[in-house]
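Step one of this worksheet: look at the structure below.
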Amino acid sequence: MSFFDEISKLDVDKFAQLVESRTDKDVERALAKGSALNLDDFAALISESARKHYLKDMVMASMQLTRKRFGRTINMYIPLYLTNLCTNKCAYCGFSAGNKFARTVLTLDEIEQECQAIAKLGFQNILLVTGENSRRGGMEYFRQVLPVVKPYAAYLQMEVQPLDTQDYAELRTLGLDSVSVYQETYHQPTYKAVHLAGKKMDMRYRMETPERLGEAGIDKVGMGALLGLYDWRVDCCALALHILYMREHYWKTRLSVSFPRLRPAAGGYEPHMPVSDSQLVQLIAAWRIFDNELDLTISTRESQQFRDMITPYGITAISAQSSTEPGGYANKGQHLEQWHVNDDRTVEEVVKAMEINGLKAVFHDASTTYLKAI
């Protein structure tokens, strides 16, 4: 039975009631546990009681747990957008097939130019990103792309359309290390309402992607929900159950959680249920306390002030000097961005800010290096 089968038996809206019912005693109990936290504990940590009365305690605990497990290293990664083609119609995405703008697919020569530009920035942790178009941006394309990119990448990640298990296994032989796939929302009515056309309408296939990745032996699976698409408490409780499921069934697979707060996008989309800064601080601390082993990632969606503040609290990976348009490193400004970058500092500026906080930037995946060493 897949996780989709399990979560489909539940009324996920009741997660909001669970969070609202948590008391100070529930928060204290969760904070005292140290390990083996369950859904009730996670719900307590993201409750209003926790935010009002225990946020400082949570942040301190998160910092201590992060330093104990990951030291002071922060993995630096950079997204490389290969194409803005997409056959899906998603209400919240600038790449939606319903938005009319010039589309492009990078050639292998253009990808080589992007990799050379990225190499000059110092990055060896590269995240390949595409819209979802299996005909022009699918497996045949990936078979050509990965051999071009891999020589530049000590750690190679992808954030593309969900694929079958055998496809992931094949890409692993070509150098793929990690895949990120956001569920967007675990609330089925909302998922149906915002995915209007394309293969992404198949909620089961998308939600079962982490399992296919585990079966294919991919080193790390990135997970998350789009914050602002639905009630963040509901989606994060469902995600917590998903994490527990993956830990039980695919214990060799490393896991990562990201915090993509939705921004206005081409087509007129505005987030319906925005997440405040203090709620996001709380959420990051809650995830670290809930699962000490998680990689926690923050992107350039967030402002430089917020990223500088939040990174020491529990983040283990961040991007810098990112472009969300295909070809944006070698030839900036020629194509539409997927979303607007809010922290546009140079790599050097981001690294300096981290050093002020006593953190060390690592331009490959430090966790993998550590694991291979032992």
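Simple scheme: letters A, B, ... for chains in structure tokens order, numbers from 1 for residues in each chain, numbers from 1 for ligands in the order shown.
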
Could you produce a table of the residues of region 218-269 of chain A lying within 12 Å of region 290-293 of chain A, with the nearest pair of atoms per residue and their separation in Å rounded to one decimal, using only C-alpha atoms, ordered by chain and increasing residue number, as CSV?
residue,atom,partner,partner_atom,distance
A:Lys220,CA,A:Glu293,CA,11.9
A:Cys236,CA,A:Phe290,CA,11.7
A:Cys237,CA,A:Phe290,CA,11.2
A:Leu239,CA,A:Phe290,CA,11.8
A:Ala240,CA,A:Phe290,CA,8.5
A:Leu241,CA,A:Phe290,CA,11.2
A:Ile243,CA,A:Asp291,CA,8.9
A:Leu244,CA,A:Asp291,CA,9.2
A:Arg247,CA,A:Asp291,CA,10.0
A:Trp251,CA,A:Glu293,CA,11.5
A:Thr253,CA,A:Glu293,CA,11.2
A:Arg254,CA,A:Glu293,CA,8.2
A:Leu255,CA,A:Glu293,CA,7.9
A:Ser256,CA,A:Glu293,CA,8.8
A:Val257,CA,A:Asp291,CA,10.4

Inset, instruction - Find the residues near Arg261 (chain A): any atom within 8 Å, counting only C-alpha atoms, skip ones fewer than 4 places away on the same chain, and give them as a PyMOL selection string. - result: chain A and resi 226-228+274-275+301

Write out, as a short mmCIF file (atom, residue, chain, number, x, y, z; two decimals), in the first residue's frame, the residues just selected, with N, CA and C atoms.
data_model
loop_
_atom_site.label_atom_id
_atom_site.label_comp_id
_atom_site.auth_asym_id
_atom_site.auth_seq_id
_atom_site.Cartn_x
_atom_site.Cartn_y
_atom_site.Cartn_z
N LEU A 226 3.85 23.47 -1.31
CA LEU A 226 3.90 24.89 -1.68
C LEU A 226 3.17 25.69 -0.60
N LEU A 227 3.92 26.46 0.16
CA LEU A 227 3.34 27.19 1.28
C LEU A 227 2.54 28.38 0.77
N GLY A 228 1.25 28.38 1.08
CA GLY A 228 0.36 29.43 0.60
C GLY A 228 -0.70 28.91 -0.34
N PRO A 274 -1.15 32.99 2.62
CA PRO A 274 0.28 33.26 2.82
C PRO A 274 0.76 32.88 4.20
N VAL A 275 2.04 32.52 4.27
CA VAL A 275 2.70 32.15 5.52
C VAL A 275 3.58 33.31 5.96
N ARG A 301 13.94 32.56 -3.12
CA ARG A 301 12.58 33.11 -3.03
C ARG A 301 12.49 34.11 -1.89
#

Inset, instruction - Would you please extract all strand (DSSP E) residues from region 61-206 of chain A, as assigned by DSSP on the backbone, and give them as a VMD selection string? - result: chain A and resid 73 to 83 89 to 90 125 to 130 155 to 159 178 to 180 195 to 197

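Closest approach to Arg206 (chain A) among A:Asp109, A:Glu184, A:Asp219, A:Glu48 is made by A:Glu184 (distances from only C-alpha atoms).
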
Excluding Lys150 (chain A) and its own-chain neighbours fewer than 6 positions away, which residues fall within 8 Å of it when counting only C-alpha atoms? Please give them as a PDB file with N, CA and C atoms, in the first residue's frame.
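Dumped to around03.pdb:
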ATOM      1  N   LEU A 156      24.764  16.042  -8.239  1.00  0.00           N
ATOM      2  CA  LEU A 156      23.830  16.439  -9.292  1.00  0.00           C
ATOM      3  C   LEU A 156      22.394  16.130  -8.875  1.00  0.00           C
ATOM      4  N   LEU A 174      23.785   7.627 -14.912  1.00  0.00           N
ATOM      5  CA  LEU A 174      24.370   8.768 -15.619  1.00  0.00           C
ATOM      6  C   LEU A 174      24.863   9.845 -14.668  1.00  0.00           C
ATOM      7  N   GLY A 175      24.778   9.579 -13.360  1.00  0.00           N
ATOM      8  CA  GLY A 175      25.352  10.504 -12.392  1.00  0.00           C
ATOM      9  C   GLY A 175      24.366  11.234 -11.519  1.00  0.00           C
TER      10      GLY A 175
END

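Take the candidates A:Asn99, A:Asn357, A:Ser319, A:Ser276 and check each one against Gln124 (chain A) using only C-alpha atoms; the shortest distance goes to A:Ser319.
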
Within 7 Å of region 186-205 of chain A: each region 31-132 of chain A residue with its shortest pair, only C-alpha atoms, as CSV:
residue,atom,partner,partner_atom,distance
A:Thr87,CA,A:Gly198,CA,5.6
A:Asn88,CA,A:Gly198,CA,4.1
A:Lys89,CA,A:Ala197,CA,4.9
A:Cys90,CA,A:His195,CA,4.7
A:Ala91,CA,A:Val194,CA,5.1

Inset, instruction - Per DSSP on the backbone, filter region 142-323 of chain A down to the residues in alpha helix (DSSP H) and report them as a ChimeraX atom specification. - result: /A:142-149,165-173,188-194,203-207,209-216,232-249,277-290,304-314

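As for CA of Ser134 (chain A) and CA of Ile78 (chain A), they are spaced 23.3 Å apart.
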
Legend entry - Leu127 (chain A) environment, 12 Å, only C-alpha atoms, sequence neighbours closer than 2 positions dropped, as a ChimeraX atom specification: /A:76-82,115,118,123-125,129-130,146,149-150,152-160,176-180,222,299,318-319,322-324,364-365

I need the residues from that last selection saved to file as a JSON list (two decimals), in the first residue's frame (with C-alpha atoms), if you can.
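Generated output (part14.json):
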[["chain", "number", "residue", "atom", "x", "y", "z"],
["A", 76, "MET", "CA", 25.64, 25.75, -1.52],
["A", 77, "TYR", "CA", 23.62, 24.74, -4.57],
["A", 78, "ILE", "CA", 22.49, 26.49, -7.73],
["A", 79, "PRO", "CA", 19.52, 25.79, -10.03],
["A", 80, "LEU", "CA", 20.11, 25.39, -13.75],
["A", 81, "TYR", "CA", 16.88, 25.86, -15.70],
["A", 82, "LEU", "CA", 16.93, 23.78, -18.88],
["A", 115, "CYS", "CA", 27.80, 25.03, -16.74],
["A", 118, "ILE", "CA", 28.22, 28.22, -12.96],
["A", 123, "PHE", "CA", 29.31, 25.73, -7.52],
["A", 124, "GLN", "CA", 29.67, 21.94, -7.75],
["A", 125, "ASN", "CA", 26.16, 21.17, -6.45],
["A", 129, "VAL", "CA", 15.09, 22.28, -13.34],
["A", 130, "THR", "CA", 12.54, 22.04, -16.14],
["A", 146, "LEU", "CA", 23.36, 14.59, -17.83],
["A", 149, "VAL", "CA", 26.45, 18.55, -16.80],
["A", 150, "LYS", "CA", 27.97, 15.75, -14.69],
["A", 152, "TYR", "CA", 30.80, 20.08, -13.60],
["A", 153, "ALA", "CA", 28.80, 18.59, -10.72],
["A", 154, "ALA", "CA", 30.20, 16.81, -7.69],
["A", 155, "TYR", "CA", 26.56, 16.40, -6.65],
["A", 156, "LEU", "CA", 23.83, 16.44, -9.29],
["A", 157, "GLN", "CA", 20.17, 17.05, -8.49],
["A", 158, "MET", "CA", 17.01, 17.29, -10.57],
["A", 159, "GLU", "CA", 13.62, 18.95, -10.14],
["A", 160, "VAL", "CA", 11.68, 17.81, -13.18],
["A", 176, "LEU", "CA", 22.08, 11.61, -10.80],
["A", 177, "ASP", "CA", 22.34, 11.89, -7.00],
["A", 178, "SER", "CA", 19.18, 13.61, -5.78],
["A", 179, "VAL", "CA", 15.65, 14.49, -6.93],
["A", 180, "SER", "CA", 13.25, 17.06, -5.50],
["A", 222, "GLY", "CA", 13.66, 16.42, -1.64],
["A", 299, "SER", "CA", 16.07, 29.30, -1.74],
["A", 318, "ILE", "CA", 20.88, 27.39, 0.36],
["A", 319, "SER", "CA", 21.17, 28.73, -3.17],
["A", 322, "SER", "CA", 20.33, 32.05, -8.75],
["A", 323, "SER", "CA", 18.57, 32.46, -12.06],
["A", 324, "THR", "CA", 15.13, 30.94, -12.68],
["A", 364, "HIS", "CA", 29.52, 20.25, -2.91],
["A", 365, "ASP", "CA", 27.27, 18.03, -0.75]]

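CA of Lys14 (chain A) is found 22.7 Å from CA of Ile289 (chain A).
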
Inset, instruction - Skip Thr209 (chain A) itself and residues of its chain fewer than 2 positions away, then list as an MDAnalysis selection string all residues within 10 Å of it, counting only C-alpha atoms. - result: chainID A and resid 161:165 179:183 204:207 211:215 221 223

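Using only C-alpha atoms, the shortest contact distance between Thr346 (chain A) and any of A:Thr104, A:Gln321, A:Asn331, A:Gln144 is found at A:Gln321.
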
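Nearest-residue note for Phe42 (chain A): choosing from A:Gln282, A:Thr66, A:Asn84, A:Thr185, the minimum distance belongs to A:Gln282, counting only C-alpha atoms.
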
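Minimum atom-to-atom distance to Ala50 (chain A), evaluated using only C-alpha atoms, belongs to A:Arg22 out of A:His272, A:Arg67, A:Arg22, A:Lys33.
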
Legend entry - Exercise: Asp24 (chain A) partners within 8 Å, only C-alpha atoms, chain neighbours under 4 positions left out, as a PyMOL selection string: chain A and resi 28+49-50+53

With N, CA and C atoms retained, could you export that selection as a PDB file, in the first residue's frame?
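Output below, filename out_32.pdb:
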ATOM      1  N   GLU A  28       5.516  21.327  25.410  1.00  0.00           N
ATOM      2  CA  GLU A  28       6.597  20.970  26.335  1.00  0.00           C
ATOM      3  C   GLU A  28       6.961  19.493  26.214  1.00  0.00           C
ATOM      4  N   SER A  49       0.136  27.897  20.283  1.00  0.00           N
ATOM      5  CA  SER A  49       0.741  27.836  21.619  1.00  0.00           C
ATOM      6  C   SER A  49       2.257  27.829  21.526  1.00  0.00           C
ATOM      7  N   ALA A  50       2.783  27.043  20.579  1.00  0.00           N
ATOM      8  CA  ALA A  50       4.227  26.979  20.399  1.00  0.00           C
ATOM      9  C   ALA A  50       4.776  28.314  19.921  1.00  0.00           C
ATOM     10  N   HIS A  53       4.434  31.055  22.872  1.00  0.00           N
ATOM     11  CA  HIS A  53       5.076  30.843  24.169  1.00  0.00           C
ATOM     12  C   HIS A  53       6.422  30.127  24.124  1.00  0.00           C
TER      13      HIS A  53
END

Inset, instruction - List the neighbours of Asp13 (chain A) out to 8 Å using only C-alpha atoms; skip same-chain residues closer than 3 positions along the sequence, and give me the result as a list in words. - result: Ala16, Gln17, His187 and Val234 of chain A
